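Trainee: Contents of query27.cif (mmCIF, C-alpha atoms):
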data_work
#
loop_
_atom_site.label_atom_id
_atom_site.label_comp_id
_atom_site.auth_asym_id
_atom_site.auth_seq_id
_atom_site.Cartn_x
_atom_site.Cartn_y
_atom_site.Cartn_z
CA MET A 1 142.22 54.33 73.70
CA LYS A 2 141.42 56.12 76.97
CA HIS A 3 139.46 58.79 75.07
CA LEU A 4 137.52 56.14 73.15
CA THR A 5 136.60 54.36 76.39
CA TYR A 6 135.40 57.66 77.88
CA PHE A 7 133.29 58.36 74.77
CA LEU A 8 131.70 54.90 74.92
CA LEU A 9 130.87 55.32 78.61
CA ILE A 10 129.10 58.63 77.87
CA LEU A 11 127.28 57.05 74.92
CA PHE A 12 126.20 54.09 77.05
CA PHE A 13 124.99 56.02 80.09
CA THR A 14 123.34 59.05 78.43
CA PRO A 15 120.12 57.23 77.43
CA ILE A 16 119.74 56.01 81.03
CA PHE A 17 119.96 59.56 82.38
CA THR A 18 117.49 60.75 79.71
CA ILE A 19 114.99 58.06 80.64
CA LYS A 20 115.26 59.00 84.31
CA ALA A 21 114.59 62.64 83.48
CA GLU A 22 111.57 61.63 81.41
CA ASP A 23 110.37 59.33 84.19
CA TRP A 24 110.02 62.05 86.83
CA GLN A 25 108.17 64.31 84.40
CA ARG A 26 105.85 61.54 83.27
CA GLU A 27 105.14 60.41 86.83
CA ALA A 28 104.53 63.99 88.02
CA ASP A 29 102.17 64.66 85.11
CA ALA A 30 100.24 61.50 85.99
CA ARG A 31 99.87 62.65 89.60
CA ILE A 32 98.71 66.06 88.43
CA GLU A 33 96.10 64.43 86.20
CA LYS A 34 94.90 62.37 89.16
CA HIS A 35 95.01 64.90 91.99
CA ARG A 36 94.50 68.31 90.36
CA LYS A 37 91.67 67.49 88.00
CA THR A 38 88.06 66.51 88.52
CA ASP A 39 85.29 64.89 86.47
CA VAL A 40 82.43 67.12 85.39
CA SER A 41 79.04 65.96 84.09
CA ILE A 42 76.81 68.66 82.59
CA SER A 43 73.19 68.47 81.47
CA VAL A 44 71.84 71.30 79.32
CA ILE A 45 68.11 71.90 79.76
CA GLN A 46 65.54 74.31 78.36
CA ALA A 47 61.92 74.34 79.53
CA GLY A 48 62.57 71.07 81.33
CA GLN A 49 63.85 69.33 78.19
CA PRO A 50 67.42 68.27 77.34
CA ILE A 51 69.01 70.12 74.43
CA PRO A 52 71.03 67.87 72.07
CA GLY A 53 73.99 69.51 70.41
CA ALA A 54 74.21 72.43 72.84
CA GLU A 55 77.68 73.96 72.88
CA VAL A 56 79.35 74.33 76.28
CA HIS A 57 82.47 76.44 76.68
CA LEU A 58 84.36 75.67 79.92
CA LYS A 59 86.45 78.79 80.50
CA MET A 60 88.61 78.64 83.61
CA LYS A 61 88.81 81.79 85.74
CA ARG A 62 90.73 80.75 88.86
CA HIS A 63 92.61 77.72 90.10
CA GLU A 64 91.53 76.03 93.31
CA PHE A 65 95.28 75.63 93.98
CA LEU A 66 96.91 78.77 95.34
CA PHE A 67 99.81 80.06 93.25
CA GLY A 68 101.22 83.09 95.04
CA SER A 69 104.00 85.40 96.11
CA ASN A 70 104.52 87.99 98.77
CA ILE A 71 103.26 91.33 97.47
CA PHE A 72 105.30 93.50 99.81
CA LEU A 73 106.18 96.20 97.27
CA LEU A 74 102.54 97.17 96.94
CA THR A 75 102.36 97.83 100.68
CA SER A 76 105.57 99.83 100.90
CA HIS A 77 103.93 103.22 100.32
CA ASP A 78 102.27 104.97 103.22
CA GLY A 79 98.59 105.18 102.38
CA PHE A 80 99.05 102.57 99.64
CA ALA A 81 99.71 104.76 96.61
CA PRO A 82 101.51 102.65 93.99
CA ASP A 83 103.56 104.59 91.46
CA ALA A 84 103.95 103.68 87.79
CA ILE A 85 106.65 101.10 88.53
CA ASN A 86 104.55 99.35 91.13
CA ALA A 87 101.60 99.46 88.76
CA GLU A 88 103.62 97.31 86.35
CA TYR A 89 104.58 95.03 89.26
CA GLY A 90 100.91 94.66 90.19
CA LYS A 91 99.88 94.04 86.58
CA LYS A 92 102.38 91.22 86.16
CA PHE A 93 101.42 89.79 89.55
CA ALA A 94 97.70 89.67 88.77
CA GLU A 95 98.26 88.22 85.30
CA MET A 96 99.79 85.05 86.75
CA LEU A 97 99.02 84.59 90.46
CA ASN A 98 95.89 84.17 92.59
CA PHE A 99 97.40 84.38 96.09
CA ALA A 100 99.26 87.18 97.89
CA THR A 101 101.04 87.38 101.24
CA LEU A 102 100.77 90.74 103.02
CA PRO A 103 103.30 91.77 105.72
CA PHE A 104 102.23 91.95 109.37
CA TYR A 105 105.66 91.95 111.06
CA TRP A 106 104.85 93.46 114.44
CA TRP A 107 108.01 95.59 114.73
CA ASP A 108 107.18 97.30 111.42
CA TYR A 109 103.40 97.14 111.64
CA GLU A 110 103.27 98.97 114.98
CA ARG A 111 106.41 101.08 115.14
CA GLU A 112 104.68 103.39 117.58
CA LYS A 113 102.68 101.72 120.32
CA GLY A 114 98.97 101.82 119.63
CA LYS A 115 99.35 102.98 116.01
CA PRO A 116 99.29 99.88 113.76
CA LYS A 117 99.22 100.20 109.96
CA HIS A 118 95.69 98.90 109.55
CA GLU A 119 94.66 101.33 106.81
CA ASN A 120 97.67 100.50 104.63
CA ARG A 121 96.98 96.78 104.74
CA GLU A 122 93.25 97.28 104.26
CA ALA A 123 93.98 99.15 101.03
CA ALA A 124 96.36 96.41 99.87
CA ALA A 125 93.77 93.72 100.67
CA ALA A 126 91.15 95.70 98.73
CA TRP A 127 93.49 95.84 95.71
CA CYS A 128 93.91 92.07 95.89
CA ALA A 129 90.15 91.51 96.14
CA GLU A 130 89.62 93.74 93.12
CA HIS A 131 91.99 91.52 91.14
CA GLY A 132 90.57 88.20 92.35
CA ILE A 133 93.59 87.45 94.54
CA VAL A 134 93.25 85.53 97.83
CA THR A 135 95.22 87.13 100.69
CA LYS A 136 97.25 85.85 103.64
CA GLY A 137 98.73 87.79 106.57
CA HIS A 138 102.31 86.99 107.58
CA PRO A 139 103.11 86.64 110.47
CA LEU A 140 101.06 87.37 113.59
CA ALA A 141 103.78 86.21 115.99
CA TRP A 142 107.52 86.05 115.41
CA ASN A 143 110.28 86.89 117.85
CA PHE A 144 112.81 87.92 115.20
CA ASP A 145 112.83 91.62 116.06
CA GLU A 146 111.13 94.12 118.35
CA ASN A 147 110.83 97.88 118.72
CA ARG A 148 112.33 100.01 121.46
CA TRP A 149 108.94 100.38 123.16
CA MET A 150 108.64 96.59 123.29
CA LYS A 151 112.03 96.21 124.95
CA GLN A 152 110.91 98.44 127.78
CA LEU A 153 108.14 96.04 128.84
CA GLU A 154 108.25 92.92 130.96
CA PRO A 155 108.06 89.66 128.95
CA GLU A 156 104.69 88.71 130.42
CA VAL A 157 103.23 92.12 129.58
CA LEU A 158 104.52 91.99 126.01
CA HIS A 159 103.11 88.48 125.61
CA GLU A 160 99.64 89.72 126.59
CA LEU A 161 99.96 92.58 124.13
CA GLN A 162 100.93 90.08 121.45
CA LEU A 163 97.80 88.02 122.13
CA ALA A 164 95.72 91.20 121.92
CA ARG A 165 97.43 92.15 118.63
CA ILE A 166 96.68 88.72 117.17
CA ALA A 167 93.00 89.00 118.11
CA ASP A 168 92.79 92.55 116.78
CA CYS A 169 94.32 91.79 113.37
CA VAL A 170 92.43 88.56 112.76
CA SER A 171 89.04 89.99 113.78
CA ARG A 172 89.53 93.34 112.00
CA PHE A 173 90.47 91.74 108.67
CA GLN A 174 87.76 89.07 108.53
CA ARG A 175 86.53 88.55 104.94
CA LYS A 176 89.49 90.62 103.76
CA ILE A 177 92.26 88.32 104.99
CA ASP A 178 91.16 84.90 106.19
CA ILE A 179 94.45 83.00 105.96
CA TRP A 180 97.17 83.71 108.54
CA ASP A 181 100.67 82.59 109.39
CA VAL A 182 99.96 82.63 113.12
CA VAL A 183 103.53 81.97 114.19
CA ASN A 184 106.84 81.88 112.35
CA GLU A 185 110.04 79.85 112.87
CA VAL A 186 109.36 78.39 116.31
CA THR A 187 111.71 75.40 116.19
CA GLN A 188 114.73 77.72 116.40
CA TYR A 189 113.03 80.54 118.32
CA ASP A 190 115.99 80.96 120.72
CA ARG A 191 118.75 81.18 118.12
CA GLY A 192 121.34 83.92 118.55
CA GLU A 193 119.87 86.57 116.26
CA CYS A 194 116.48 86.30 117.99
CA GLU A 195 118.08 86.59 121.43
CA LYS A 196 119.93 89.70 120.27
CA GLN A 197 117.21 91.44 118.25
CA ALA A 198 114.10 90.47 120.21
CA PRO A 199 115.17 89.65 123.76
CA THR A 200 111.81 90.40 125.38
CA LEU A 201 109.68 88.37 122.98
CA THR A 202 112.21 85.54 123.09
CA GLU A 203 112.18 85.51 126.87
CA SER A 204 108.37 85.49 126.92
CA MET A 205 108.41 82.33 124.81
CA ARG A 206 111.12 80.75 126.93
CA ARG A 207 109.16 81.28 130.15
CA LEU A 208 106.03 79.70 128.71
CA GLY A 209 107.78 77.05 126.65
CA SER A 210 107.61 77.30 122.87
CA ALA A 211 104.75 74.83 122.47
CA GLU A 212 102.60 76.55 125.10
CA ALA A 213 103.29 79.96 123.58
CA VAL A 214 102.19 78.65 120.19
CA ARG A 215 99.03 77.18 121.73
CA GLN A 216 98.13 80.57 123.15
CA TYR A 217 98.80 82.34 119.85
CA PHE A 218 96.52 79.93 118.01
CA ALA A 219 93.84 80.13 120.70
CA ALA A 220 93.75 83.92 120.39
CA ALA A 221 93.46 83.76 116.60
CA ARG A 222 90.86 81.00 116.66
CA LYS A 223 88.65 82.84 119.14
CA ALA A 224 88.82 86.04 117.09
CA ALA A 225 87.92 84.34 113.78
CA PRO A 226 86.76 80.72 114.13
CA ASP A 227 86.53 80.22 110.36
CA ALA A 228 89.98 81.57 109.48
CA THR A 229 92.66 79.26 108.07
CA LEU A 230 95.56 79.23 110.54
CA LEU A 231 99.12 78.16 109.70
CA ILE A 232 102.26 77.36 111.59
CA ASN A 233 105.29 78.22 109.46
CA ASP A 234 108.96 77.19 109.64
CA TYR A 235 112.16 76.86 107.65
CA TYR A 236 113.48 73.99 109.80
CA VAL A 237 111.87 71.19 107.80
CA TRP A 238 113.46 68.27 109.60
CA LYS A 239 112.37 65.98 112.43
CA GLU A 240 112.41 68.74 115.07
CA TYR A 241 109.60 70.60 113.29
CA ALA A 242 107.52 67.43 113.09
CA ASP A 243 108.21 66.74 116.78
CA LEU A 244 106.92 70.21 117.68
CA LEU A 245 103.80 69.64 115.61
CA ASP A 246 103.17 66.43 117.55
CA GLU A 247 102.96 68.57 120.69
CA LEU A 248 100.34 70.86 119.16
CA MET A 249 97.31 68.59 119.34
CA ASP A 250 94.01 69.39 121.05
CA GLU A 251 92.23 67.23 123.62
CA ASN A 252 90.82 65.08 120.81
CA GLY A 253 94.20 64.46 119.24
CA LYS A 254 93.56 66.85 116.35
CA PRO A 255 96.06 69.53 115.22
CA ILE A 256 95.41 73.04 116.53
CA PHE A 257 96.71 74.29 113.15
CA ASP A 258 94.82 74.06 109.84
CA VAL A 259 97.83 74.09 107.53
CA ILE A 260 101.56 73.37 107.84
CA GLY A 261 103.75 76.05 106.28
CA ILE A 262 107.08 74.98 104.79
CA GLN A 263 109.76 77.48 103.86
CA SER A 264 112.10 76.54 101.02
CA HIS A 265 114.63 79.27 100.35
CA MET A 266 116.97 77.58 97.88
CA HIS A 267 119.72 80.20 97.90
CA GLY A 268 122.35 77.53 98.15
CA GLU A 269 121.31 74.04 97.14
CA ILE A 270 118.18 73.61 95.04
CA TRP A 271 115.99 70.83 96.38
CA SER A 272 116.10 67.55 94.50
CA ASN A 273 112.94 65.68 93.57
CA GLU A 274 113.81 63.20 96.30
CA LYS A 275 113.98 65.93 98.96
CA ILE A 276 110.67 67.41 97.84
CA VAL A 277 108.98 64.01 98.23
CA GLU A 278 110.76 63.37 101.54
CA VAL A 279 109.59 66.68 103.06
CA CYS A 280 106.04 66.24 101.80
CA ASP A 281 105.92 62.72 103.21
CA ARG A 282 107.28 63.88 106.58
CA PHE A 283 104.50 66.44 107.08
CA SER A 284 101.57 64.97 105.17
CA ARG A 285 101.06 62.44 108.01
CA PHE A 286 99.40 65.20 110.05
CA GLY A 287 96.43 65.10 107.70
CA VAL A 288 96.29 68.82 106.93
CA PRO A 289 97.25 70.68 103.73
CA LEU A 290 100.84 71.78 103.17
CA HIS A 291 101.66 75.28 101.96
CA PHE A 292 105.11 75.98 100.55
CA THR A 293 105.18 79.48 101.95
CA GLU A 294 108.54 80.96 100.96
CA LEU A 295 110.06 79.43 97.84
CA THR A 296 113.23 80.94 96.38
CA ILE A 297 115.38 79.90 93.43
CA LEU A 298 118.03 82.40 92.37
CA SER A 299 118.91 83.69 88.91
CA GLY A 300 122.42 84.67 89.95
CA GLU A 301 125.33 83.41 91.99
CA PRO A 302 124.17 81.09 94.79
CA GLY A 303 124.76 82.06 98.40
CA TRP A 304 123.53 84.35 101.17
CA GLU A 305 123.70 88.14 101.60
CA ARG A 306 126.19 88.96 98.87
CA ALA A 307 127.20 92.47 97.88
CA ASP A 308 125.94 93.80 94.54
CA TRP A 309 124.06 90.59 93.77
CA GLN A 310 123.10 90.50 90.10
CA SER A 311 120.88 88.37 87.93
CA THR A 312 122.78 86.85 84.98
CA PRO A 313 121.57 85.47 81.63
CA GLU A 314 122.91 82.01 82.49
CA GLY A 315 121.38 82.17 85.94
CA GLU A 316 118.03 83.20 84.54
CA GLU A 317 117.91 80.23 82.17
CA SER A 318 118.84 77.88 85.01
CA GLN A 319 116.25 79.48 87.30
CA ALA A 320 113.53 79.00 84.68
CA ALA A 321 114.35 75.31 84.25
CA GLU A 322 114.38 74.70 88.00
CA VAL A 323 111.13 76.62 88.50
CA VAL A 324 109.44 74.30 86.01
CA ARG A 325 110.80 71.22 87.75
CA VAL A 326 110.15 72.29 91.34
CA TYR A 327 106.66 73.66 90.66
CA THR A 328 105.74 70.56 88.69
CA MET A 329 106.88 68.32 91.52
CA LEU A 330 105.09 70.36 94.19
CA PHE A 331 101.89 70.70 92.17
CA SER A 332 101.90 66.92 91.74
CA GLN A 333 102.06 66.23 95.49
CA PRO A 334 98.49 65.70 96.72
CA ALA A 335 99.11 67.19 100.19
CA VAL A 336 100.35 70.51 98.78
CA ALA A 337 97.66 73.18 98.39
CA ALA A 338 99.68 76.37 97.84
CA ILE A 339 103.05 77.64 96.64
CA THR A 340 104.24 81.15 97.53
CA TRP A 341 107.30 82.62 95.79
CA TRP A 342 109.68 84.94 97.71
CA ASP A 343 110.08 87.67 96.22
CA PHE A 344 108.15 88.57 93.07
CA ALA A 345 110.79 91.07 91.84
CA ASP A 346 114.51 91.55 92.41
CA PHE A 347 113.80 95.15 93.39
CA GLY A 348 113.49 95.13 97.19
CA ALA A 349 114.02 91.37 97.44
CA TRP A 350 115.05 89.73 100.72
CA GLN A 351 118.83 89.98 101.23
CA GLY A 352 119.05 91.84 97.90
CA ALA A 353 119.02 88.46 96.15
CA PRO A 354 118.28 88.00 92.44
CA ALA A 355 115.30 85.88 93.45
CA GLY A 356 112.41 87.51 91.60
CA PHE A 357 110.33 86.56 88.61
CA LEU A 358 110.93 90.16 87.53
CA ARG A 359 114.27 91.94 87.25
CA LYS A 360 115.05 95.16 89.12
CA ASP A 361 113.57 97.13 86.20
CA PHE A 362 110.41 95.00 86.47
CA THR A 363 110.89 93.23 83.13
CA PRO A 364 109.98 89.53 83.28
CA LYS A 365 112.67 86.87 83.49
CA PRO A 366 112.37 83.53 81.66
CA ALA A 367 111.12 82.02 84.94
CA TYR A 368 108.06 84.29 84.82
CA THR A 369 107.29 83.24 81.26
CA ALA A 370 107.84 79.56 82.06
CA LEU A 371 105.62 79.55 85.15
CA HIS A 372 102.95 81.63 83.43
CA ASP A 373 102.86 79.00 80.68
CA LEU A 374 102.41 76.22 83.26
CA ILE A 375 99.68 77.94 85.29
CA LYS A 376 97.71 79.55 82.45
CA ASN A 377 98.31 77.03 79.68
CA LYS A 378 99.45 73.53 80.60
CA TRP A 379 97.54 73.49 83.92
CA TRP A 380 94.55 75.43 82.64
CA THR A 381 91.22 74.31 81.13
CA ASP A 382 89.64 76.24 78.29
CA GLU A 383 87.67 74.01 75.96
CA THR A 384 84.40 73.84 74.08
CA LEU A 385 82.32 70.66 74.00
CA ALA A 386 79.02 69.61 72.47
CA ALA A 387 76.18 67.90 74.34
CA ASP A 388 75.12 64.48 73.08
CA ALA A 389 71.63 63.41 71.97
CA SER A 390 70.48 63.44 75.60
CA GLY A 391 71.78 66.96 76.25
CA ASN A 392 74.70 65.64 78.35
CA LEU A 393 78.46 65.93 78.21
CA THR A 394 81.41 64.99 80.38
CA ALA A 395 84.84 66.52 80.81
CA ARG A 396 87.89 66.22 83.02
CA VAL A 397 89.05 69.67 84.07
CA PHE A 398 91.47 71.36 86.43
CA ARG A 399 89.83 72.14 89.77
CA GLY A 400 88.76 75.71 90.10
CA THR A 401 86.17 78.35 89.23
CA TYR A 402 84.77 78.54 85.72
CA GLU A 403 82.75 80.70 83.43
CA VAL A 404 80.50 78.20 81.68
CA ILE A 405 79.03 79.60 78.46
CA VAL A 406 76.14 77.60 76.98
CA THR A 407 75.05 78.22 73.38
CA LEU A 408 71.94 76.44 72.09
CA PRO A 409 71.54 75.36 68.45
CA ASP A 410 69.18 78.32 67.90
CA GLY A 411 71.85 80.76 69.07
CA THR A 412 70.46 81.38 72.56
CA ARG A 413 73.32 81.94 74.98
CA LYS A 414 73.62 81.98 78.78
CA THR A 415 76.66 82.28 81.06
CA PHE A 416 77.03 80.57 84.43
CA GLU A 417 79.75 80.68 87.08
CA LYS A 418 80.55 77.29 88.58
CA THR A 419 83.22 75.93 90.88
CA PHE A 420 84.39 72.38 90.25
CA THR A 421 86.20 70.65 93.12
CA GLY A 422 86.37 67.20 94.70
CA GLU A 423 86.27 64.01 92.68
CA LYS A 424 83.01 64.44 90.75
CA ASN A 425 80.74 67.33 89.82
CA ALA A 426 77.28 66.97 88.27
CA VAL A 427 75.41 70.13 87.26
CA ALA A 428 72.24 70.89 85.34
CA LEU A 429 72.32 74.15 83.40
CA GLU A 430 68.87 75.59 82.75
CA VAL A 431 68.76 77.96 79.80
CA ASP A 432 65.81 80.34 79.79
#
Before anything else, please render the file you have as structure tokens.

Mentor:
Amino acid sequence: MKHLTYFLLILFFTPIFTIKAEDWQREADARIEKHRKTDVSISVIQAGQPIPGAEVHLKMKRHEFLFGSNIFLLTSHDGFAPDAINAEYGKKFAEMLNFATLPFYWWDYEREKGKPKHENREAAAAWCAEHGIVTKGHPLAWNFDENRWMKQLEPEVLHELQLARIADCVSRFQRKIDIWDVVNEVTQYDRGECEKQAPTLTESMRRLGSAEAVRQYFAAARKAAPDATLLINDYYVWKEYADLLDELMDENGKPIFDVIGIQSHMHGEIWSNEKIVEVCDRFSRFGVPLHFTELTILSGEPGWERADWQSTPEGEESQAAEVVRVYTMLFSQPAVAAITWWDFADFGAWQGAPAGFLRKDFTPKPAYTALHDLIKNKWWTDETLAADASGNLTARVFRGTYEVIVTLPDGTRKTFEKTFTGEKNAVALEVD
């Protein structure tokens, strides 16, 4: 009797759970339709006259939304000389993503005072530009570590050098890198590992106060490149981070930052849909875009800094399912403008974790295939429409950049490049 009761309870409750699962997907898809698409009205004209029946192929080239990852492996070679393995890494990266984070950790970037790795990063940025990939520098200021030459300086002197470094990087890389994580992990800047590994930088922040230090970092970056997109970035996504942001307003009550960066390393507990909404709601009130800057979901045993950490078949299937859910939820949140995965491959991943879309041998995991299908299929527009009797047509498309191929009834063809953003787009295409 006890077993029968248990069976009936499962039978009774299973449909409820199924409906709930379907509900989140349906609601997320509805938000995506509303917030990630735009209406397009096209008129096809030749010699000033509308062309009925003209064929218009809307072929998407790039998303407006930034789907990215750090691309650290392609900057790991002095002089930027990728080998055959990294060539495969780069190929897979460019096939799916349109956004790359390049490393600017000061302790590694300028190991010897006065000799920063500008040429290496310039080559990496050029590779990204060649492949249509938007770049971001990460980070300009972070007191997580420092070199021996830094430790020999007074805190005030090192702070001034940091401001000079920020100005140098941001101005030097204009039009190559125009998005920057200006400062990283400020809410817990004085935690033990920072005190131990970067005592001089930590003390320089303490003497100024963390909020004032951040203000000076942003001021240096803003002066060097007024049009750059400047982020503050943190893993501490609770009230304390929001409280700090409240302190970072200008004299007009506007944020000194352009974007709020949110880290989401899910090595332990994977965020629920409720937590995703809660975090987005907490930070969307500042009225600036949100970037999920460091997203991790493992394909192996959960935890932190484990020895001989391996990806497993079961873990890979679970990772793929969670990637679909988390990306769908984030893409559906109107305040979110970018998602950056951390790291793209297990080889060289942070803490040696099985966190990549690619395995250590650079073969794709199911998560790569699943996300590729979302970005380049489900969330992608590639359709052909015919103009009506007035030479007009309408479509609802994902926001982004398009190759628009117009073919007239007589076979004349012309290709245009158009970017469709905002709520409505009306274009007239003149065919010679």

Trainee: Since I can't run it myself right now, could you work out what the PyMOL selection byres ((chain A and resi 178-191) around 9) selects here and report it as a PyMOL selection string?

Mentor: chain A and resi 134-144+166+170+173-177+192-196+202-203+205-206+210-211+214+217-218+221+225+227-236+240-241+244+257+261

Trainee: Keeping only C-alpha atoms, write the selected residues as a PDB file, keeping the file's coordinate frame.

Mentor:
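File result_4.pdb, as written:
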ATOM      1  CA  VAL A 134      93.250  85.530  97.830  1.00  0.00           C
ATOM      2  CA  THR A 135      95.220  87.130 100.690  1.00  0.00           C
ATOM      3  CA  LYS A 136      97.250  85.850 103.640  1.00  0.00           C
ATOM      4  CA  GLY A 137      98.730  87.790 106.570  1.00  0.00           C
ATOM      5  CA  HIS A 138     102.310  86.990 107.580  1.00  0.00           C
ATOM      6  CA  PRO A 139     103.110  86.640 110.470  1.00  0.00           C
ATOM      7  CA  LEU A 140     101.060  87.370 113.590  1.00  0.00           C
ATOM      8  CA  ALA A 141     103.780  86.210 115.990  1.00  0.00           C
ATOM      9  CA  TRP A 142     107.520  86.050 115.410  1.00  0.00           C
ATOM     10  CA  ASN A 143     110.280  86.890 117.850  1.00  0.00           C
ATOM     11  CA  PHE A 144     112.810  87.920 115.200  1.00  0.00           C
ATOM     12  CA  ILE A 166      96.680  88.720 117.170  1.00  0.00           C
ATOM     13  CA  VAL A 170      92.430  88.560 112.760  1.00  0.00           C
ATOM     14  CA  PHE A 173      90.470  91.740 108.670  1.00  0.00           C
ATOM     15  CA  GLN A 174      87.760  89.070 108.530  1.00  0.00           C
ATOM     16  CA  ARG A 175      86.530  88.550 104.940  1.00  0.00           C
ATOM     17  CA  LYS A 176      89.490  90.620 103.760  1.00  0.00           C
ATOM     18  CA  ILE A 177      92.260  88.320 104.990  1.00  0.00           C
ATOM     19  CA  GLY A 192     121.340  83.920 118.550  1.00  0.00           C
ATOM     20  CA  GLU A 193     119.870  86.570 116.260  1.00  0.00           C
ATOM     21  CA  CYS A 194     116.480  86.300 117.990  1.00  0.00           C
ATOM     22  CA  GLU A 195     118.080  86.590 121.430  1.00  0.00           C
ATOM     23  CA  LYS A 196     119.930  89.700 120.270  1.00  0.00           C
ATOM     24  CA  THR A 202     112.210  85.540 123.090  1.00  0.00           C
ATOM     25  CA  GLU A 203     112.180  85.510 126.870  1.00  0.00           C
ATOM     26  CA  MET A 205     108.410  82.330 124.810  1.00  0.00           C
ATOM     27  CA  ARG A 206     111.120  80.750 126.930  1.00  0.00           C
ATOM     28  CA  SER A 210     107.610  77.300 122.870  1.00  0.00           C
ATOM     29  CA  ALA A 211     104.750  74.830 122.470  1.00  0.00           C
ATOM     30  CA  VAL A 214     102.190  78.650 120.190  1.00  0.00           C
ATOM     31  CA  TYR A 217      98.800  82.340 119.850  1.00  0.00           C
ATOM     32  CA  PHE A 218      96.520  79.930 118.010  1.00  0.00           C
ATOM     33  CA  ALA A 221      93.460  83.760 116.600  1.00  0.00           C
ATOM     34  CA  ALA A 225      87.920  84.340 113.780  1.00  0.00           C
ATOM     35  CA  ASP A 227      86.530  80.220 110.360  1.00  0.00           C
ATOM     36  CA  ALA A 228      89.980  81.570 109.480  1.00  0.00           C
ATOM     37  CA  THR A 229      92.660  79.260 108.070  1.00  0.00           C
ATOM     38  CA  LEU A 230      95.560  79.230 110.540  1.00  0.00           C
ATOM     39  CA  LEU A 231      99.120  78.160 109.700  1.00  0.00           C
ATOM     40  CA  ILE A 232     102.260  77.360 111.590  1.00  0.00           C
ATOM     41  CA  ASN A 233     105.290  78.220 109.460  1.00  0.00           C
ATOM     42  CA  ASP A 234     108.960  77.190 109.640  1.00  0.00           C
ATOM     43  CA  TYR A 235     112.160  76.860 107.650  1.00  0.00           C
ATOM     44  CA  TYR A 236     113.480  73.990 109.800  1.00  0.00           C
ATOM     45  CA  GLU A 240     112.410  68.740 115.070  1.00  0.00           C
ATOM     46  CA  TYR A 241     109.600  70.600 113.290  1.00  0.00           C
ATOM     47  CA  LEU A 244     106.920  70.210 117.680  1.00  0.00           C
ATOM     48  CA  PHE A 257      96.710  74.290 113.150  1.00  0.00           C
ATOM     49  CA  GLY A 261     103.750  76.050 106.280  1.00  0.00           C
TER      50      GLY A 261
END

Trainee: Which is closest to Lys376 in chain A among A:Asp308, A:Leu97, A:Thr296, A:Gln46, if we use all atoms listed in the file?

Mentor: A:Leu97

Trainee: Evaluate the PyMOL selection byres ((chain A and resi 153) around 12) on the structure here and hand back the selected residues as a VMD selection string.

Mentor: chain A and resid 113 146 to 152 154 to 162 198 to 201 203 to 204

Trainee: Could you list the residues chosen by the PyMOL selection byres ((chain A and resi 396) around 10) in this structure as an MDAnalysis selection string?

Mentor: chainID A and resid 33 37:41 381 394:395 397:399 424:425

Trainee: Smallest atom-to-atom distance to Pro313 in chain A: which of A:Arg31, A:Arg359, A:His372, A:Lys254, using all atoms listed in the file?

Mentor: A:Arg359

Trainee: Would you mind telling me which residue in A:Phe283, A:Tyr402, A:Phe93, A:Trp341 lies nearest to Val323 in chain A when using all atoms listed in the file?

Mentor: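 When distances to Val323 in chain A are compared using all atoms listed in the file, the smallest one comes from A:Trp341.
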
Trainee: I need the residue nearest Thr293 in chain A from this list: A:Asp343, A:Glu269, A:Glu317, A:Asp29. Use all atoms listed in the file for the distance.

Mentor: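 Closest candidate: A:Asp343.
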
Trainee: Find the distance between CA of Val237 in chain A and CA of Pro334 in chain A and write it in Å to one decimal.

Mentor: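 These two atoms are separated by 18.2 Å.
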
Trainee: Any idea what the distance is between CA of Trp238 in chain A and CA of Ala30 in chain A?

Mentor: 27.9 Å

Trainee: Quick check, in Å to one decimal: how far apart do CA of Ala94 in chain A and CA of Gln351 in chain A lie?

Mentor: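 CA of Ala94 in chain A sits 24.5 Å away from CA of Gln351 in chain A.
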
Trainee: I'd like to know which of A:Thr312, A:Thr401, A:Gln333, A:Thr407 is closest to Glu278 in chain A, using all atoms listed in the file.

Mentor: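 Smallest separation from Glu278 in chain A among the options: A:Gln333.
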
Trainee: For Gly90 in chain A, which of A:Ala167, A:Glu247, A:His35, A:Phe344 is the closest residue, counting only C-alpha atoms?

Mentor: A:Phe344

Trainee: How big is the axis-aligned box around all listed atoms of range 299-315 of chain A once 6 Å goes on each side, and where's its centre, in Å to one decimal, as lines of an AutoDock Vina configuration file?

Mentor:
center_x = 123.1
center_y = 87.4
center_z = 91.6
size_x = 20.3
size_y = 24.7
size_z = 32.0

Trainee: Which residues, written as number ranges by chain, have at least one atom at most 8 Å from range 47-56 of chain A, with only C-alpha atoms counted and residues fewer than 6 positions away on the same chain left out?

Mentor: A: 384-392, 404-409, 430-432

Trainee: Near Pro366 in chain A, within 9 Å and counting all atoms listed in the file, which residues show up once chain neighbours fewer than 3 positions away are dropped, as a PDB file with C-alpha atoms, keeping the file's coordinate frame?

Mentor:
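File produced: out_19.pdb:
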ATOM      1  CA  GLU A 316     118.030  83.200  84.540  1.00  0.00           C
ATOM      2  CA  GLU A 317     117.910  80.230  82.170  1.00  0.00           C
ATOM      3  CA  GLN A 319     116.250  79.480  87.300  1.00  0.00           C
ATOM      4  CA  ALA A 320     113.530  79.000  84.680  1.00  0.00           C
ATOM      5  CA  ALA A 321     114.350  75.310  84.250  1.00  0.00           C
ATOM      6  CA  PHE A 357     110.330  86.560  88.610  1.00  0.00           C
ATOM      7  CA  LEU A 358     110.930  90.160  87.530  1.00  0.00           C
ATOM      8  CA  THR A 369     107.290  83.240  81.260  1.00  0.00           C
ATOM      9  CA  ALA A 370     107.840  79.560  82.060  1.00  0.00           C
ATOM     10  CA  LEU A 371     105.620  79.550  85.150  1.00  0.00           C
TER      11      LEU A 371
END
